[in-house]
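Next comes my_file_30.cif, a file with mmCIF, C-alpha atoms and all ligand atoms.
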data_target
#
loop_
_atom_site.label_atom_id
_atom_site.label_comp_id
_atom_site.auth_asym_id
_atom_site.auth_seq_id
_atom_site.Cartn_x
_atom_site.Cartn_y
_atom_site.Cartn_z
CA MET A 591 88.26 28.77 72.43
CA LEU A 592 85.50 29.42 74.94
CA ASP A 593 84.71 33.07 75.67
CA MET A 594 84.77 32.79 79.46
CA PRO A 595 83.81 36.42 80.29
CA ALA A 596 80.70 36.08 78.07
CA ILE A 597 79.90 32.66 79.55
CA ARG A 598 80.20 34.11 83.07
CA ASP A 599 77.83 36.96 82.20
CA ASP A 600 75.30 34.50 80.76
CA LEU A 601 75.44 32.22 83.77
CA ASN A 602 75.28 35.03 86.32
CA ALA A 603 72.16 36.37 84.66
CA VAL A 604 70.34 33.10 85.44
CA TYR A 605 71.99 31.54 88.50
CA ASP A 606 73.13 32.91 91.84
CA LEU A 607 76.76 31.84 91.71
CA ALA A 608 78.33 34.13 94.30
CA PRO A 609 80.36 32.34 97.02
CA ASN A 610 77.79 31.23 99.58
CA PRO A 611 79.01 29.95 102.98
CA VAL A 612 75.41 29.40 104.19
CA LEU A 613 74.55 27.21 101.20
CA ALA A 614 77.92 25.45 101.56
CA THR A 615 77.22 24.65 105.23
CA GLY A 616 73.88 23.13 104.24
CA MET A 617 75.57 20.84 101.71
CA GLN A 618 77.61 18.79 104.16
CA THR A 619 76.82 15.43 102.53
CA GLU A 620 78.55 16.51 99.34
CA TYR A 621 81.34 18.29 101.19
CA ALA A 622 82.11 15.36 103.51
CA ARG A 623 83.46 13.40 100.53
CA MET A 624 86.10 16.03 99.72
CA ALA A 625 86.71 17.70 103.08
CA ARG A 626 90.30 16.49 103.33
CA VAL A 627 91.32 18.14 100.08
CA VAL A 628 88.94 21.10 99.59
CA SER A 629 89.00 23.93 102.16
CA PRO A 630 85.72 25.34 103.58
CA ALA A 631 86.50 28.64 101.82
CA ASP A 632 86.87 26.88 98.46
CA TRP A 633 83.73 24.84 99.13
CA ALA A 634 81.78 28.10 99.62
CA ILE A 635 82.87 29.02 96.07
CA HIS A 636 82.05 25.60 94.58
CA ALA A 637 78.75 24.93 96.39
CA PRO A 638 76.53 27.27 94.27
CA TYR A 639 77.82 25.58 91.07
CA VAL A 640 77.39 22.09 92.51
CA ALA A 641 73.81 22.90 93.59
CA ALA A 642 72.93 24.44 90.21
CA ILE A 643 74.47 21.57 88.21
CA ASN A 644 72.79 18.87 90.30
CA GLN A 645 69.39 20.57 89.86
CA LEU A 646 69.89 21.08 86.10
CA LYS A 647 71.04 17.50 85.72
CA LYS A 648 67.62 16.31 86.94
CA GLU A 649 65.75 18.72 84.67
CA ARG A 650 67.72 17.57 81.62
CA ASN A 651 67.71 13.85 82.53
CA ALA A 652 71.48 13.95 82.31
CA ALA A 653 74.19 11.73 83.79
CA ILE A 654 77.69 13.00 84.49
CA LEU A 655 80.46 10.52 83.73
CA ALA A 656 83.70 11.71 85.32
CA HIS A 657 87.21 10.38 84.90
CA ASN A 658 89.43 9.77 87.92
CA TYR A 659 91.58 12.78 86.90
CA MET A 660 88.79 15.31 87.40
CA THR A 661 89.16 17.81 90.25
CA PRO A 662 87.62 16.72 93.61
CA GLU A 663 84.68 19.15 93.37
CA ILE A 664 83.67 17.53 90.07
CA TYR A 665 84.54 13.97 91.10
CA HIS A 666 82.76 14.11 94.47
CA GLY A 667 80.30 16.96 93.92
CA ILE A 668 78.47 16.33 90.64
CA ALA A 669 79.50 12.98 89.10
CA ASP A 670 76.99 10.14 88.79
CA VAL A 671 79.68 7.71 87.73
CA VAL A 672 83.43 7.92 88.25
CA GLY A 673 86.12 5.60 86.96
CA ASP A 674 88.91 4.80 84.58
CA SER A 675 88.52 4.83 80.79
CA LEU A 676 87.21 1.27 80.69
CA GLN A 677 84.65 1.78 83.46
CA LEU A 678 83.40 4.99 81.84
CA ALA A 679 83.00 3.26 78.46
CA ILE A 680 81.06 0.40 80.10
CA GLU A 681 78.89 2.79 82.11
CA ALA A 682 78.14 4.76 78.96
CA THR A 683 76.42 1.62 77.62
CA ARG A 684 74.38 1.23 80.82
CA THR A 685 73.08 4.69 81.59
CA GLU A 686 69.40 5.35 81.09
CA ALA A 687 69.85 9.11 81.04
CA GLU A 688 69.06 10.89 77.77
CA VAL A 689 72.07 13.17 78.05
CA ILE A 690 75.64 12.26 78.96
CA VAL A 691 77.95 15.01 80.18
CA GLN A 692 81.50 13.77 79.83
CA CYS A 693 83.78 15.19 82.47
CA GLY A 694 86.98 14.00 80.86
CA VAL A 695 88.63 14.52 77.51
CA HIS A 696 87.40 14.48 73.92
CA PHE A 697 88.17 10.84 73.12
CA MET A 698 86.09 9.76 76.14
CA ALA A 699 83.10 11.83 74.99
CA GLU A 700 83.50 10.44 71.49
CA THR A 701 83.57 6.88 72.88
CA SER A 702 80.33 7.58 74.78
CA LYS A 703 78.74 8.89 71.58
CA ILE A 704 79.96 5.90 69.55
CA LEU A 705 78.32 3.60 72.09
CA ASN A 706 75.16 5.71 72.34
CA PRO A 707 74.46 7.20 68.91
CA ALA A 708 70.89 8.15 69.89
CA LYS A 709 71.91 10.06 73.04
CA THR A 710 73.12 13.61 73.40
CA VAL A 711 76.74 13.61 74.57
CA LEU A 712 78.14 16.90 75.82
CA LEU A 713 81.77 17.87 76.34
CA PRO A 714 82.05 21.07 78.40
CA ASP A 715 85.22 22.21 76.59
CA MET A 716 86.19 20.91 73.16
CA ALA A 717 89.80 21.93 73.86
CA ALA A 718 90.04 19.01 76.33
CA GLY A 719 92.20 16.89 74.03
CA CYS A 720 94.93 14.32 74.62
CA SER A 721 98.52 14.10 73.39
CA LEU A 722 98.04 10.39 72.62
CA ALA A 723 94.88 10.91 70.58
CA ASP A 724 96.65 13.73 68.71
CA SER A 725 99.63 11.54 67.84
CA ILE A 726 98.04 9.26 65.23
CA THR A 727 95.52 9.39 62.36
CA ALA A 728 93.91 6.64 60.26
CA GLU A 729 96.82 7.12 57.80
CA GLY A 730 99.21 6.19 60.60
CA VAL A 731 97.25 3.00 61.23
CA ALA A 732 97.39 2.19 57.49
CA GLU A 733 101.14 2.83 57.52
CA MET A 734 101.58 0.31 60.35
CA ARG A 735 99.42 -2.25 58.58
CA ALA A 736 101.56 -1.85 55.44
CA ARG A 737 104.73 -2.30 57.50
CA TYR A 738 103.44 -5.40 59.34
CA PRO A 739 101.07 -7.17 56.91
CA GLY A 740 98.45 -9.33 58.58
CA ALA A 741 99.16 -8.06 62.10
CA PRO A 742 96.01 -6.98 63.99
CA VAL A 743 95.81 -3.39 65.24
CA VAL A 744 95.01 -2.82 68.91
CA SER A 745 94.35 0.86 69.54
CA TYR A 746 94.22 2.46 72.95
CA VAL A 747 90.87 4.12 73.66
CA ASN A 748 92.89 7.34 73.81
CA THR A 749 92.35 7.75 70.04
CA THR A 750 89.92 9.51 67.73
CA ALA A 751 86.85 7.76 66.29
CA GLU A 752 88.66 7.71 62.94
CA VAL A 753 91.56 5.71 64.40
CA LYS A 754 89.24 3.36 66.30
CA ALA A 755 87.34 2.75 63.05
CA ALA A 756 90.62 1.80 61.36
CA SER A 757 91.57 -0.62 64.18
CA ASP A 758 90.61 -4.23 64.90
CA ILE A 759 90.04 -3.82 68.62
CA CYS A 760 90.55 -1.21 71.33
CA CYS A 761 92.16 -1.57 74.73
CA THR A 762 92.59 0.49 77.86
CA SER A 763 95.43 0.34 80.34
CA ALA A 764 93.16 -1.89 82.50
CA ASN A 765 92.76 -4.65 79.91
CA ALA A 766 95.65 -4.26 77.42
CA VAL A 767 97.49 -7.38 78.64
CA GLN A 768 94.25 -9.41 78.54
CA ILE A 769 93.45 -8.25 75.01
CA ILE A 770 96.95 -8.96 73.68
CA ARG A 771 96.97 -12.44 75.27
CA ALA A 772 93.57 -13.20 73.76
CA LEU A 773 94.69 -12.44 70.18
CA GLU A 774 96.04 -15.39 68.23
CA ALA A 775 98.47 -13.44 66.05
CA GLU A 776 102.16 -13.58 66.91
CA THR A 777 102.85 -10.01 65.79
CA ILE A 778 100.48 -7.33 67.10
CA ILE A 779 100.44 -3.61 66.35
CA MET A 780 99.67 -1.36 69.32
CA THR A 781 98.84 2.30 68.79
CA PRO A 782 99.49 5.00 69.77
CA ASP A 783 101.19 4.72 73.18
CA LYS A 784 104.71 3.34 72.84
CA TYR A 785 105.15 3.10 76.60
CA LEU A 786 101.92 1.20 77.22
CA ALA A 787 102.96 -1.12 74.36
CA GLN A 788 106.41 -1.66 75.88
CA ASN A 789 104.93 -2.28 79.34
CA VAL A 790 102.51 -4.82 77.88
CA ALA A 791 105.31 -6.46 75.85
CA ALA A 792 107.25 -7.01 79.09
CA GLN A 793 104.28 -8.99 80.45
CA VAL A 794 103.56 -10.96 77.27
CA PRO A 795 107.06 -11.96 76.08
CA LYS A 796 105.78 -14.64 73.68
CA LYS A 797 104.19 -12.04 71.40
CA ARG A 798 106.02 -9.64 69.13
CA ILE A 799 104.49 -6.25 69.82
CA VAL A 800 105.25 -3.32 67.55
CA TRP A 801 104.15 0.20 68.38
CA TRP A 802 103.44 3.70 67.18
CA ASP A 803 105.61 6.51 68.54
CA GLY A 804 103.04 8.28 70.75
CA SER A 805 103.21 9.19 74.42
CA CYS A 806 101.28 10.90 77.19
CA ILE A 807 102.67 14.33 78.06
CA VAL A 808 101.81 13.75 81.72
CA HIS A 809 103.35 10.33 82.30
CA GLU A 810 106.38 10.63 80.01
CA GLN A 811 107.82 13.27 82.34
CA TYR A 812 108.66 10.80 85.09
CA THR A 813 112.11 9.21 85.04
CA ALA A 814 113.45 6.07 86.69
CA GLN A 815 116.02 8.24 88.49
CA ASP A 816 113.16 10.29 90.04
CA ILE A 817 111.67 7.10 91.41
CA ARG A 818 115.00 5.74 92.69
CA ASP A 819 115.78 9.05 94.40
CA PHE A 820 112.33 9.18 95.92
CA ARG A 821 112.67 5.64 97.25
CA THR A 822 116.06 6.44 98.79
CA TRP A 823 114.63 9.38 100.70
CA ASN A 824 111.31 7.67 101.47
CA PRO A 825 112.05 3.96 101.89
CA ASP A 826 108.64 3.09 103.36
CA THR A 827 106.58 4.56 100.54
CA ARG A 828 104.65 2.30 98.17
CA ILE A 829 105.28 3.55 94.62
CA ILE A 830 102.43 3.02 92.16
CA ALA A 831 102.87 3.94 88.48
CA HIS A 832 100.39 4.23 85.62
CA PRO A 833 101.37 2.07 82.59
CA GLU A 834 101.58 5.19 80.38
CA CYS A 835 104.89 5.83 82.22
CA PRO A 836 108.15 4.72 80.54
CA PRO A 837 109.00 1.04 81.21
CA ASP A 838 112.02 1.82 83.39
CA VAL A 839 109.73 3.89 85.64
CA VAL A 840 107.21 1.04 85.83
CA ALA A 841 110.06 -1.38 86.61
CA GLU A 842 111.03 0.74 89.64
CA ALA A 843 107.46 0.83 90.96
CA ASP A 844 105.81 -1.61 93.39
CA PHE A 845 102.66 -1.78 91.28
CA SER A 846 101.42 -0.56 87.92
CA GLY A 847 97.81 -0.32 86.81
CA SER A 848 95.09 1.81 85.28
CA THR A 849 93.59 4.53 87.45
CA ALA A 850 90.94 2.02 88.63
CA GLY A 851 93.73 -0.52 89.22
CA ILE A 852 95.55 2.06 91.34
CA LEU A 853 92.44 2.62 93.46
CA ASP A 854 91.93 -1.15 93.86
CA TYR A 855 95.55 -1.62 94.89
CA VAL A 856 95.38 1.15 97.51
CA SER A 857 92.05 -0.21 98.86
CA ARG A 858 93.45 -3.73 99.08
CA GLU A 859 96.94 -3.01 100.39
CA ARG A 860 96.24 0.09 102.50
CA PRO A 861 99.89 1.19 102.56
CA GLY A 862 100.86 3.73 105.23
CA ARG A 863 102.35 6.02 102.58
CA ALA A 864 101.89 5.95 98.83
CA MET A 865 103.25 7.88 95.89
CA LEU A 866 101.00 7.80 92.82
CA VAL A 867 103.11 8.29 89.69
CA THR A 868 100.28 9.78 87.68
CA GLU A 869 98.02 12.82 87.33
CA CYS A 870 97.64 15.01 90.43
CA SER A 871 93.89 14.66 91.03
CA MET A 872 94.10 10.89 91.41
CA ALA A 873 95.52 11.06 94.94
CA SER A 874 93.18 13.93 95.93
CA ASN A 875 90.12 11.98 94.79
CA ILE A 876 90.87 8.78 96.63
CA SER A 877 92.36 10.28 99.76
CA ASP A 878 89.01 10.84 101.50
CA ALA A 879 88.08 7.19 101.20
CA HIS A 880 91.53 6.29 102.51
CA PRO A 881 92.40 8.54 105.46
CA GLU A 882 94.80 5.84 106.68
CA VAL A 883 97.04 6.38 103.61
CA GLU A 884 99.37 9.36 103.40
CA PHE A 885 99.76 10.36 99.76
CA VAL A 886 103.16 11.90 99.11
CA GLY A 887 105.49 12.84 96.32
CA PRO A 888 105.34 14.63 93.00
CA CYS A 889 102.49 14.50 90.52
CA ASN A 890 101.95 16.00 87.08
CA MET A 891 98.88 17.89 85.95
CA CYS A 892 97.09 17.02 82.69
CA PRO A 893 96.33 20.38 81.06
CA TYR A 894 93.58 18.76 78.96
CA MET A 895 91.72 17.18 81.86
CA LYS A 896 91.96 20.46 83.75
CA LYS A 897 90.05 22.26 80.97
CA ILE A 898 86.91 20.81 82.55
CA THR A 899 85.61 23.00 85.38
CA LEU A 900 82.34 23.35 87.31
CA GLU A 901 81.65 26.61 85.50
CA LYS A 902 82.00 24.98 82.08
CA VAL A 903 79.89 21.96 83.11
CA LEU A 904 77.09 24.30 84.22
CA TRP A 905 77.31 26.26 80.97
CA SER A 906 77.37 23.02 78.98
CA LEU A 907 74.16 21.75 80.62
CA HIS A 908 72.54 25.18 80.49
CA THR A 909 73.12 25.62 76.74
CA MET A 910 73.28 21.90 75.84
CA THR A 911 76.64 22.46 74.15
CA THR A 912 79.01 21.27 72.84
CA GLN A 913 77.34 18.18 71.40
CA ILE A 914 79.65 15.46 70.15
CA GLU A 915 78.87 14.16 66.67
CA VAL A 916 80.45 11.18 64.94
CA ALA A 917 79.59 10.35 61.32
CA PRO A 918 77.33 7.24 61.45
CA GLU A 919 79.47 5.09 59.15
CA MET A 920 82.62 5.86 61.12
CA ALA A 921 80.77 5.36 64.43
CA ASP A 922 79.59 1.91 63.27
CA LYS A 923 83.17 0.81 62.52
CA ALA A 924 84.60 2.37 65.68
CA ARG A 925 81.83 0.74 67.76
CA LEU A 926 82.94 -2.69 66.59
CA ALA A 927 86.47 -2.08 67.93
CA VAL A 928 85.21 -0.68 71.25
CA GLN A 929 82.52 -3.33 71.70
CA ARG A 930 85.00 -6.15 70.98
CA MET A 931 87.13 -4.77 73.80
CA ILE A 932 84.18 -4.50 76.21
CA ASP A 933 82.99 -8.04 75.37
CA LEU A 934 86.44 -9.51 75.72
CA SER A 935 87.02 -7.75 79.06
CA ALA A 936 83.68 -9.03 80.37
CA ARG A 937 84.39 -12.60 79.25
CA LYS A 938 87.72 -12.65 81.01
CA ALA A 939 86.52 -10.93 84.20
P1 LIG B 1 92.86 5.11 82.71
O1 LIG B 1 91.91 5.89 83.57
O2 LIG B 1 92.14 4.19 81.80
O3 LIG B 1 93.91 4.45 83.52
O4 LIG B 1 93.59 6.14 81.72
C1 LIG B 1 94.35 7.18 82.12
C2 LIG B 1 94.36 8.29 81.17
O5 LIG B 1 95.33 8.89 80.92
C3 LIG B 1 93.13 8.70 80.56
O6 LIG B 1 93.39 9.79 79.82
FE1 LIG B 2 95.92 12.18 77.42
FE2 LIG B 2 97.86 11.83 79.21
FE3 LIG B 2 96.04 13.71 79.64
FE4 LIG B 2 95.34 11.11 79.81
S1 LIG B 2 96.75 12.20 81.13
S2 LIG B 2 94.21 12.76 78.75
S3 LIG B 2 96.67 10.23 78.26
S4 LIG B 2 97.51 13.67 77.95
#
Turn the structure described in the file into structure tokens.
Amino acid sequence: MLDMPAIRDDLNAVYDLAPNPVLATGMQTEYARMARVVSPADWAIHAPYVAAINQLKKERNAAILAHNYMTPEIYHGIADVVGDSLQLAIEATRTEAEVIVQCGVHFMAETSKILNPAKTVLLPDMAAGCSLADSITAEGVAEMRARYPGAPVVSYVNTTAEVKAASDICCTSANAVQIIRALEAETIIMTPDKYLAQNVAAQVPKKRIVWWDGSCIVHEQYTAQDIRDFRTWNPDTRIIAHPECPPDVVAEADFSGSTAGILDYVSRERPGRAMLVTECSMASNISDAHPEVEFVGPCNMCPYMKKITLEKVLWSLHTMTTQIEVAPEMADKARLAVQRMIDLSARKA
């Protein structure tokens, strides 16, 4: 666990991080992107960190890759690239920076390292895990292979390098249907998200999809009754669910897609009101670009994603910790599974 009081002392000895309304007022370009969801008082607190991180980023030749579930001050203030898991994996292969700071969770940083073995990949807090990645090991993959001989294994990117290395191909929620359709086998093993697997199975009825018993602690909390109730009270609201939600929740929604798919849908459809059945920061991050859309309804917080803060990003770049390492042999095998997914997604696009 990070020793935050010690980290704060270290940082304050080098940087002027006191709330600074004058500095904040001078950083209107950055603030304009988050003004609807971050108050001026909060911006005065964030601005010194944003200024210090953006300066240090240049000195270190670093790029910040941030997932759509990051808080607005990270997403709009310091990120060079934002996106869903697939976009971040693709961007990790394109960046020319020497250092990648992953503002997301451990499996995302590991994926960046797998794709860029020669680069330094930093994760600001190693406790930023994922309930899906925690739910399966390489032994679990072997168990599934023994139960369904000959069936290919498609593992969600929300897995460890060890599990990716034991899989045939990866997928994300953006391309899972594409990947499953492209495989010739009739029976396909999907790990570790049972709900993503069930949602894909509903769209590809000709295949027999079998799954591991994993789930996302954020999306599994929603119930179909919640959605029905919400629709009764709010009949004009467009309901948009992430495919990590249980299938009966997805069935009640107007649209289901990855976090990038959700953004595309909102940009295309521009509904008057929308409820995003996903992590809380998603609506905050896209609301500035879509002032015409009123985002309403409940959301659930991912405790892992929220481990990443401006303070920890600054400390990470300042100390160049914590560096992600993946054993070369395992990285080589895992890279095959990730690269197959990227190639197949690009071919189909
Ligand atoms: P996507 O951004 O790929 O939709 O994934 C959501 C997620 O839960 C990542 O942890
Ligand atoms: Fe994992 Fe769910 Fe958090 Fe994504 S939202 S990192 S799937 S626990």
Mind dumping a table of every segment 737-818 of chain A residue within 10 Å of segment 663-674 of chain A, with the nearest atom pair and its distance in Å to one decimal, using all atoms listed in the file, sorted by chain and rising number, as a tab-separated table?
residue	atom	partner	partner_atom	distance
A:Thr762	CA	A:Asp674	CA	8.8
A:Ser763	CA	A:Asp674	CA	9.0
A:Ala764	CA	A:Asp674	CA	8.2
Segment 643-646 of chain A surroundings by all atoms listed in the file, 7 Å radius, close-in-sequence under 4 positions cut, as a VMD selection string:
chain A and resid 639 650 668 904 907
Please indicate the distance in Å from atom CA of Lys796 of chain A to atom CA of Ile770 of chain A, rounded to one decimal place.
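Distance between the two atoms: 10.5 Å.
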For segment 826-839 of chain A, find every residue with an atom within 6 Å (counting only C-alpha atoms), except residues of its own chain fewer than 3 positions away, and show them as a list in words.
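That gives Tyr785, Leu786, Asn789, His809, Glu810, Thr813, Ala814, Glu842, Ala843, Asp844, Phe845, Ser846, Gly847, Ser848, Arg863, Ala864, Met865, Leu866, Val867 and Thr868 of chain A.
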So that I have them on file, write out the residues from the current selection with C-alpha atoms, as a short mmCIF file (atom, residue, chain, number, x, y, z; two decimals), in the coordinates of the input.
data_model
loop_
_atom_site.label_atom_id
_atom_site.label_comp_id
_atom_site.auth_asym_id
_atom_site.auth_seq_id
_atom_site.Cartn_x
_atom_site.Cartn_y
_atom_site.Cartn_z
CA TYR A 785 105.15 3.10 76.60
CA LEU A 786 101.92 1.20 77.22
CA ASN A 789 104.93 -2.28 79.34
CA HIS A 809 103.35 10.33 82.30
CA GLU A 810 106.38 10.63 80.01
CA THR A 813 112.11 9.21 85.04
CA ALA A 814 113.45 6.07 86.69
CA GLU A 842 111.03 0.74 89.64
CA ALA A 843 107.46 0.83 90.96
CA ASP A 844 105.81 -1.61 93.39
CA PHE A 845 102.66 -1.78 91.28
CA SER A 846 101.42 -0.56 87.92
CA GLY A 847 97.81 -0.32 86.81
CA SER A 848 95.09 1.81 85.28
CA ARG A 863 102.35 6.02 102.58
CA ALA A 864 101.89 5.95 98.83
CA MET A 865 103.25 7.88 95.89
CA LEU A 866 101.00 7.80 92.82
CA VAL A 867 103.11 8.29 89.69
CA THR A 868 100.28 9.78 87.68
#
Residue with smallest distance to ligand LIG 2 (chain B) - pool A:Leu934, A:Met891, A:Leu900, A:Ala699, counting all atoms listed in the file:
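With all atoms listed in the file as the atom set, the closest residue is A:Met891.
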Is there a way to get, as a short mmCIF file (atom, residue, chain, number, x, y, z; two decimals) with C-alpha atoms, keeping the file's coordinate frame, all residues within 8 Å of the point (88.4, 11.4, 104.5) in file coordinates, counting only C-alpha atoms?
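Dumped to out_18.cif:
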data_model
loop_
_atom_site.label_atom_id
_atom_site.label_comp_id
_atom_site.auth_asym_id
_atom_site.auth_seq_id
_atom_site.Cartn_x
_atom_site.Cartn_y
_atom_site.Cartn_z
CA ALA A 622 82.11 15.36 103.51
CA ARG A 623 83.46 13.40 100.53
CA MET A 624 86.10 16.03 99.72
CA ALA A 625 86.71 17.70 103.08
CA ARG A 626 90.30 16.49 103.33
CA SER A 877 92.36 10.28 99.76
CA ASP A 878 89.01 10.84 101.50
CA ALA A 879 88.08 7.19 101.20
CA HIS A 880 91.53 6.29 102.51
CA PRO A 881 92.40 8.54 105.46
#
Test item: residues lying within 10 Å of ligand LIG 2 (chain B) with all atoms listed in the file, as a PyMOL selection string
chain A and resi 657+659+675+694-698+718-724+746-749+783+805-810+832+834-835+868-870+890-896
Would you mind exporting C-alpha atoms of the selected residues as a compact mmCIF listing (two decimals), keeping the file's coordinate frame?
# COMPACT_ATOMS: atom_id res chain seq x y z
CA HIS A 657 87.21 10.38 84.90
CA TYR A 659 91.58 12.78 86.90
CA SER A 675 88.52 4.83 80.79
CA GLY A 694 86.98 14.00 80.86
CA VAL A 695 88.63 14.52 77.51
CA HIS A 696 87.40 14.48 73.92
CA PHE A 697 88.17 10.84 73.12
CA MET A 698 86.09 9.76 76.14
CA ALA A 718 90.04 19.01 76.33
CA GLY A 719 92.20 16.89 74.03
CA CYS A 720 94.93 14.32 74.62
CA SER A 721 98.52 14.10 73.39
CA LEU A 722 98.04 10.39 72.62
CA ALA A 723 94.88 10.91 70.58
CA ASP A 724 96.65 13.73 68.71
CA TYR A 746 94.22 2.46 72.95
CA VAL A 747 90.87 4.12 73.66
CA ASN A 748 92.89 7.34 73.81
CA THR A 749 92.35 7.75 70.04
CA ASP A 783 101.19 4.72 73.18
CA SER A 805 103.21 9.19 74.42
CA CYS A 806 101.28 10.90 77.19
CA ILE A 807 102.67 14.33 78.06
CA VAL A 808 101.81 13.75 81.72
CA HIS A 809 103.35 10.33 82.30
CA GLU A 810 106.38 10.63 80.01
CA HIS A 832 100.39 4.23 85.62
CA GLU A 834 101.58 5.19 80.38
CA CYS A 835 104.89 5.83 82.22
CA THR A 868 100.28 9.78 87.68
CA GLU A 869 98.02 12.82 87.33
CA CYS A 870 97.64 15.01 90.43
CA ASN A 890 101.95 16.00 87.08
CA MET A 891 98.88 17.89 85.95
CA CYS A 892 97.09 17.02 82.69
CA PRO A 893 96.33 20.38 81.06
CA TYR A 894 93.58 18.76 78.96
CA MET A 895 91.72 17.18 81.86
CA LYS A 896 91.96 20.46 83.75
Give me, please, the distance in Å between atom P1 of ligand LIG 1 (chain B) and atom CA of Thr822 of chain A, quoted to one decimal.
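So the answer is 28.3 Å.
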With all atoms listed in the file as the basis for distance, which of A:Cys760, A:Ala775, A:Trp823, A:Glu859 is at the shortest distance from ligand LIG 1 (chain B)?
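With all atoms listed in the file as the atom set, the closest residue is A:Cys760.
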What separation in Å, quoted to one decimal, exists between atom CA of Ala641 of chain A and atom CA of Met617 of chain A?
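According to the coordinates, atom CA of Ala641 of chain A and atom CA of Met617 of chain A are separated by 8.6 Å.
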Selected residue, from A:Ala614, A:Lys784, A:Ala656, A:Ala687, that lies nearest to ligand LIG 1 (chain B) when counting all atoms listed in the file:
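Once distances to ligand LIG 1 (chain B) are computed over all atoms listed in the file, the minimum belongs to A:Ala656.
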Given all atoms listed in the file as the counted atoms, nearest of A:Val731, A:Val689, A:Leu773, A:Ile726 to Gly804 of chain A:
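Between A:Val731, A:Val689, A:Leu773, A:Ile726, the residue approaching Gly804 of chain A most closely is A:Ile726.
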Leaving out Ala741 of chain A and any residue of its chain fewer than 2 positions from it, which residues lie within 8 Å of it when counting only C-alpha atoms, given as a short mmCIF file (atom, residue, chain, number, x, y, z; two decimals) with C-alpha atoms, in the coordinates of the input?
data_model
loop_
_atom_site.label_atom_id
_atom_site.label_comp_id
_atom_site.auth_asym_id
_atom_site.auth_seq_id
_atom_site.Cartn_x
_atom_site.Cartn_y
_atom_site.Cartn_z
CA ARG A 735 99.42 -2.25 58.58
CA TYR A 738 103.44 -5.40 59.34
CA PRO A 739 101.07 -7.17 56.91
CA VAL A 743 95.81 -3.39 65.24
CA ALA A 775 98.47 -13.44 66.05
CA GLU A 776 102.16 -13.58 66.91
CA THR A 777 102.85 -10.01 65.79
CA ILE A 778 100.48 -7.33 67.10
CA ILE A 779 100.44 -3.61 66.35
#
Residue contacts of Ser935 of chain A (12 Å, only C-alpha atoms) excluding same-chain residues fewer than 3 positions away, as a list in words:
Leu676, Gln677, Ala679, Ile680, Ile759, Cys760, Cys761, Thr762, Ser763, Ala764, Asn765, Ala766, Val767, Gln768, Ile769, Ile770, Arg771, Ala772, Val928, Gln929, Arg930, Met931, Ile932, Lys938 and Ala939 of chain A
